[in-house]
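A.B. asks: Quick one: structure below, then a few questions.
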Amino acid sequence: MSRTMNPMGKKALLFVSAAATLFAAPVAAQTIAITGGKVVIGDGSAPIESGTVVLRDGKVVAAGAGVAVPAGAQVVDAAGRWVTPGLFAGFSRLGLIEVEAVRETNDSSASSGEFSAAIDVVPAINPKVTPIAVNRAAGITRAVVAPAAPASIFAGMGALIDLGDDYDAVTKPRAFQFVELGEAGSSKAGGSRASAFLEFRNGLIEAKALASGQRGVAAHPHDALLNRQDAAALVPVVNGDIRLMVHVERAADILNVLKLREEFPALKLVLVGVSEGWLVANEIAAAGVPVIASALNDLPSEFEKTAATQSNIGRMKRAGVTVAIGMINDSDAHKLHYSPQYAGNLVALQRVPGAAGLTWDEAFATISSGPAQAMGVDAMLGSLRPGRQGDVVIWDGDPLELSSAPVAVMIDGVQQPLDNRQARLRDRYRTPQEGALPKAYER
Amino acid sequence: MKYGFTAPLAAILVVGCANTATAERPVSSGSTTSRERVSFNENPYPSTYKPYGGAATAIRNVTVFDGEGGQIDNGVVFFSDGKITAVGGADTPIPADVTVIDGTGKFVTPGIIDIHSHLGNYPSPGVQAHADGNEVTSPVTADVWAEHAVWPQDPGFSRALANGGITSLQILPGSANLFGGRSVTLKNVPARTMQAMKFPDAPYGLKMACGENPKRVYGSRNQKPGSRMGNLALNRQTWARAVEYKARWDEYDRKGGTPPARDIGLDTLKGALEGRIQIHNHCYRADEMAIVVDMAKEFGYTVAAFHHAVESYKIADLLKDNGICSAVWADWWGFKMESYDGIPENAAIIQNAGACTIIHSDDQDQIQRLNQEAAKALGDGRRMGFNISDATAISWLTYNPAKAMGIADRTGSLKPGKMADVVLWNANPLSVYARPEKVWVDGAMLYDANDPTRRPVSDFELGQPGSGDTK
């Protein structure tokens with residue numbers, strides 16, 4: 001049901017329109033008014049008591065206090081509930097993995113394959129993996145989906161998806177190129193960061209050569225260390241047509257990534273991970289580069305995270321960095337619903353002397369409009385401001401609180417099933433003992 | 001030595017030596033021999049932990065979760081000389097000369113206990129040189145002891161204290177092996193040595209593992225076990241040897257004669273057969289747990305807890321009948337095949353069936369918020385209609401793990417005479433917005449959110465960027 005947005009070139013447009021004919025968008029033509037709930041817009045503004053959210057044709061028309069219910073609208077009573085935009089997972093491997101350690105079900109990385117930057121996650125996304133259904137029921141409606149790096153620093157192109165119960169998951173294909181430039185990048189590039197940065201420059205220089213009609217990779221296949229497909233995939237990166245999402249953690253690496261724009265000025269950088277971001281928060285803010293950060297890293301689990309602290313996001317926010325929560329290498333295939341818990345923890349930090357937290361309003365934005373902003377799609381997703389896609393969750397309580405859960409989830413204005421395999425197991429084993437027949441007959 | 005033994009001298013002591021005073025194994029009783037019996041020092045790496053001491057303190061006007069399922073509103077918790085002195089309602093007498101803390105709007109729990117941690121043996125930074133949690137050279141390594149590989153400078157200990165209110169924790173060997181080795185229980189106090197963290201007189205644990213890990217690690221080397229059948233075969237063969245070993249020693253203890261040759265690994269299994277060592281069995285699937293229950297009966301031991309038991313909800317009745325605890329995550333699932341059926345209602349269904357429920361971490365991050373993990377599990381249970389109190393959920397992190405670790409007579413609940421392991425929370429610990437405000441270990445205040453000088457910094461972090469930060 002997703003609307004496919006701004007693909008990056010004419011070929012992509014053709015591909016997408018072909019796909020659209022295969023998957024006719026479900027009709028969400030009616031007008032829906034969700035009334036009486038505590039409405040969270042998701043853009044960092046304060047919740048609105050007893051607000052109304054109006055959706056028409058799958059999009060938000062209005063949300064807030066004093067919004068009139070249009071004539072003929074289907075009215076959903078949300079009194080006593082919270083009404084929020086759907087949560088946006090800022091970094092995930094949703095749809096790529098059913099069981100992480102079962103190789104046949106894990107499409108996150110082609111570690112023994114030939115390709116790198118040209119890898120496009122789209123054909124690997126299975127909207128019917130159980131983690132999508134489970135996370136949908138927990139209020140996640142959109143996600144950044146990144147491939148994991150193969151034997152190269154270039155992981156390939158990630159997508160933005162919705163978590164709707166249909167086969168049309170991709171909101172924006174080839175939304176970004178994902179690159180490892182920290183400790184993981186060093187290892188992929190043969191063992192040093194210097195080599196990783198060289199591999200990066202090599203890739204982009206080859207891409208420029210290819211784009212400008214120079215002979216490039218085709219003439220010198222053994223010198224280029226990059227095949228034609230991979231070099232071609234880096235052309236929109238070097239031209240700034242798609243985002244370059246870079247995983248880095250330590251402060252010095254962050255600064256080195258920011259400096260890449262001296263040589264490649266069109267790069268549209270997004271940083272992910274960024275555990276030591278607070279040490280160079282002013283520089284990140286000055287560079288205007290958005291950050292999708294791990295929220296609660298506070299251990300030197302690697303040397304590149306020596307200065308990790310839960311105050312990282314709060315301090316970056318105070319410095320003016322555009323910051324969202326992402327769960328890189330942290331339950332990123334199955335438990336994206338930890339993101340509201342993480343956001344709640346950042347609120348809790350406000351009461352810890354010496355720590356830097358976020359206000360509730362800011363914290364919620366890091367899991368709704370924040371990722372959308374970082375990915376450049378906040379005009380369409382991530383909040384309940386007019387014109388956004390109708391991704392709405394109705395909760396039985398404060399969405400950041402541990403005891404809360406969604407009671408209804410809509411994506412593009414279409415109400416979604418909350419049922420999933422876990423719920424079926426729960427219902428079957430509510431009473432563990434067998435009944436008149438074996439458990440296999442309870443379904 | 002008196003019997004002309006060839007066994008290593010250091011490993012053998014003769015009854016009567018001063019340092020066998022703590023040996024638990026009976027010696028010489030009923031014997032007719034006039035010669036002295038060989039015995040072993042059962043405690044060769046003894047705890048040197050000494051409480052740091054602190055002011056007699058009373059917290060009043062506070063909501064108390066006592067760890068055993070009790071809740072007192074507007075209550076008082078009073079501790080002195082490192083022990084809980086009194087816990088009760090607003091009328092609980094408070095001596096005049098003690099430190100009084102107003103707990104209005106705040107909550108007190110016993111110190112949080114993590115029954116499953118690898119802090120110290122898989123410490124931060126997680127470099128290969130630090131990876132000391134699995135002796136991956138043989139599937140049966142009952143001879144190794146986790147305490148010989150605990151690095152006290154792991155920064156994770158201080159995070160667990162400050163953010164999670166952890167005051168006691170069990171460090172286990174990993175799960176690569178069927179018999180992983182002995183665990184050690186620690187007080188969460190910064191120290192120079194493992195011994196200075198060691199929980200005095202806590203029983204040892206024995207780590208066992210079911211399922212995928214042992215068969216994968218060794219099967220991939222074309223070595224037994226390469227299947228769940230192999231897992232059981234090797235388990236049973238090992239237990240059979242342990243039973244024989246124990247019988248030889250029992251006979252020697254009765255009749256004297258030449259003592260059996262000592263086997264360090266079988267010593268541990270003998271201790272488990274005698275009930276002196278608690279068995280902690282990593283096991284995910286319900287069907288495998290049921291087989292382990294029978295294997296334990298076959299060889300005459302008991303399982304204290306199944307760890308990572310993501311499918312306990314399917315056999316909660318069986319676990320209740322056998323008195324076995326389940327130590328579980330709130331909601332981990334899908335990371336490996338045997339975790340595929342994990343559901344977030346697992347803990348609640350176990351609790352509702354009347355079986356012993358524990359929330360554990362196995363994780364350097366989640367150990368910092370076990371209270372939050374319990375809160376999620378509680379919420380999921382209530383949503384399916386189970387009536388589980390807040391105070392019961394707190395028992396999942398306090399009394400129940402203490403019981404499975406064999407230390408519930410000393411910690412795990414706020415009862416007079418027990419260790420003053422206490423956390424003062426700035427809000428209900430089952431809320432995401434709560435954090436520990438103060439943490440006491442044996443009455444010593446080792447963390448105070450309001451006092452940066454009560455924030456431990458490990459050697460590793462000293463002088464690094466962010467050293468001494470709030471973290």
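The chains in the structure tokens are called A, B, ... from first to last as shown; in each chain the residues are counted from 1, and the ligands are counted from 1 in the order shown.
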Please, which residues of chain A lie no more than 8 Å from chain B when the count uses only C-alpha atoms, and can they be set out as a VMD selection string?

C.D. replies: chain A and resid 98 to 102 297 to 303 306 to 311 334 to 335 341 344 to 345 347 to 349 352 to 355 400 to 404 422 to 423 425 to 426 429 to 433

A.B. asks: Take the residues from that selection and put them in a file with C-alpha atoms, as an mmCIF file, in the first residue's frame.

C.D. replies:
data_model
loop_
_atom_site.group_PDB
_atom_site.id
_atom_site.type_symbol
_atom_site.label_atom_id
_atom_site.label_comp_id
_atom_site.auth_asym_id
_atom_site.auth_seq_id
_atom_site.Cartn_x
_atom_site.Cartn_y
_atom_site.Cartn_z
ATOM 1 C CA GLU A 98 13.167 -14.595 9.722
ATOM 2 C CA VAL A 99 15.608 -16.325 12.088
ATOM 3 C CA GLU A 100 18.922 -14.575 12.461
ATOM 4 C CA ALA A 101 21.168 -17.608 12.908
ATOM 5 C CA VAL A 102 19.403 -19.710 10.272
ATOM 6 C CA ASN A 297 25.033 2.523 24.409
ATOM 7 C CA ASP A 298 26.959 3.382 27.539
ATOM 8 C CA LEU A 299 29.737 0.800 27.589
ATOM 9 C CA PRO A 300 33.081 0.671 25.824
ATOM 10 C CA SER A 301 31.924 -2.574 24.240
ATOM 11 C CA GLU A 302 34.475 -1.778 21.560
ATOM 12 C CA PHE A 303 37.376 0.604 21.831
ATOM 13 C CA THR A 306 35.100 4.341 24.895
ATOM 14 C CA ALA A 307 33.181 7.547 25.623
ATOM 15 C CA ALA A 308 29.743 6.023 25.134
ATOM 16 C CA THR A 309 27.062 7.400 27.420
ATOM 17 C CA GLN A 310 23.278 7.354 27.497
ATOM 18 C CA SER A 311 23.517 11.153 27.499
ATOM 19 C CA HIS A 334 13.182 -8.622 15.561
ATOM 20 C CA LYS A 335 12.776 -6.085 18.343
ATOM 21 C CA GLN A 341 11.515 1.924 25.555
ATOM 22 C CA GLY A 344 11.475 6.569 27.461
ATOM 23 C CA ASN A 345 14.885 5.981 28.985
ATOM 24 C CA VAL A 347 13.203 10.968 29.242
ATOM 25 C CA ALA A 348 14.213 9.294 32.511
ATOM 26 C CA LEU A 349 17.698 10.755 32.170
ATOM 27 C CA VAL A 352 19.587 11.975 36.715
ATOM 28 C CA PRO A 353 21.948 14.717 37.878
ATOM 29 C CA GLY A 354 24.732 15.286 35.372
ATOM 30 C CA ALA A 355 22.996 13.389 32.599
ATOM 31 C CA LEU A 400 6.880 5.268 25.813
ATOM 32 C CA GLU A 401 5.779 3.472 28.973
ATOM 33 C CA LEU A 402 6.626 -0.205 29.417
ATOM 34 C CA SER A 403 3.078 -1.283 30.199
ATOM 35 C CA SER A 404 1.529 0.241 27.076
ATOM 36 C CA GLN A 422 3.481 -14.968 18.840
ATOM 37 C CA ALA A 423 -0.098 -14.077 19.699
ATOM 38 C CA LEU A 425 1.306 -19.265 20.597
ATOM 39 C CA ARG A 426 0.257 -17.164 23.579
ATOM 40 C CA TYR A 429 -0.582 -21.970 25.805
ATOM 41 C CA ARG A 430 -2.527 -19.612 28.062
ATOM 42 C CA THR A 431 -3.118 -22.802 29.983
ATOM 43 C CA PRO A 432 -0.118 -25.022 29.298
ATOM 44 C CA GLN A 433 -1.900 -28.319 29.962
#

A.B. asks: Write out as a PyMOL selection string the residues lying within 7 Å of Glu442 (chain A), counting only C-alpha atoms and excluding same-chain residues fewer than 2 positions away.

C.D. replies: chain A and resi 428+439-440

A.B. asks: Among region 111-242 of chain B, which ones does DSSP place in helix (DSSP H, G or I), written as a ChimeraX atom specification?

C.D. replies: /B:128-130,146-149,156-164,212-219,228-242

A.B. asks: Region 66-183 of chain B: which residues are strand (DSSP E) by DSSP, as a ChimeraX atom specification?

C.D. replies: /B:71-80,83-88,99-102,107-110,112-117,166-171,179-183

A.B. asks: List the spatial neighbours of Ala196 (chain B) as a list in words - criterion: any atom at most 8 Å away, only C-alpha atoms, same-chain residues fewer than 4 positions off excluded.

C.D. replies: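 The residues that qualify are Ser47, Thr48, Tyr49, Lys50, Ala191 and Arg192 of chain B.
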
A.B. asks: Store the residues picked out above, limited to C-alpha atoms, as a PDB file, in the first residue's frame.

C.D. replies:
ATOM      1  CA  SER B  47      35.953 -14.764  49.400  1.00  0.00           C
ATOM      2  CA  THR B  48      37.848 -11.852  50.866  1.00  0.00           C
ATOM      3  CA  TYR B  49      34.865  -9.545  50.488  1.00  0.00           C
ATOM      4  CA  LYS B  50      34.267  -7.283  53.462  1.00  0.00           C
ATOM      5  CA  ALA B 191      37.320  -4.547  43.668  1.00  0.00           C
ATOM      6  CA  ARG B 192      40.883  -5.349  42.714  1.00  0.00           C
TER       7      ARG B 192
END

A.B. asks: What is the CA of Gly58 (chain A) to CA of Tyr342 (chain A) distance in Å?

C.D. replies: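 Separation between CA of Gly58 (chain A) and CA of Tyr342 (chain A): 29.3 Å.
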
A.B. asks: Nearest residue to Asp165 (chain A) out of A:Thr130, A:Asn282, A:Thr31, A:Ser383, using only C-alpha atoms?

C.D. replies: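 Closest residue, counting only C-alpha atoms: A:Thr130.
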
A.B. asks: Hey, can you check how far CA of Arg193 (chain A) sits from CA of Ile254 (chain A)?

C.D. replies: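 CA of Ile254 (chain A) lies 12.1 Å from CA of Arg193 (chain A).
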
A.B. asks: In Å to one decimal, how far is CA of Val108 (chain B) from CA of Gly53 (chain B)?

C.D. replies: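 Answer for the CA of Gly53 (chain B) to CA of Val108 (chain B) separation: 19.5 Å.
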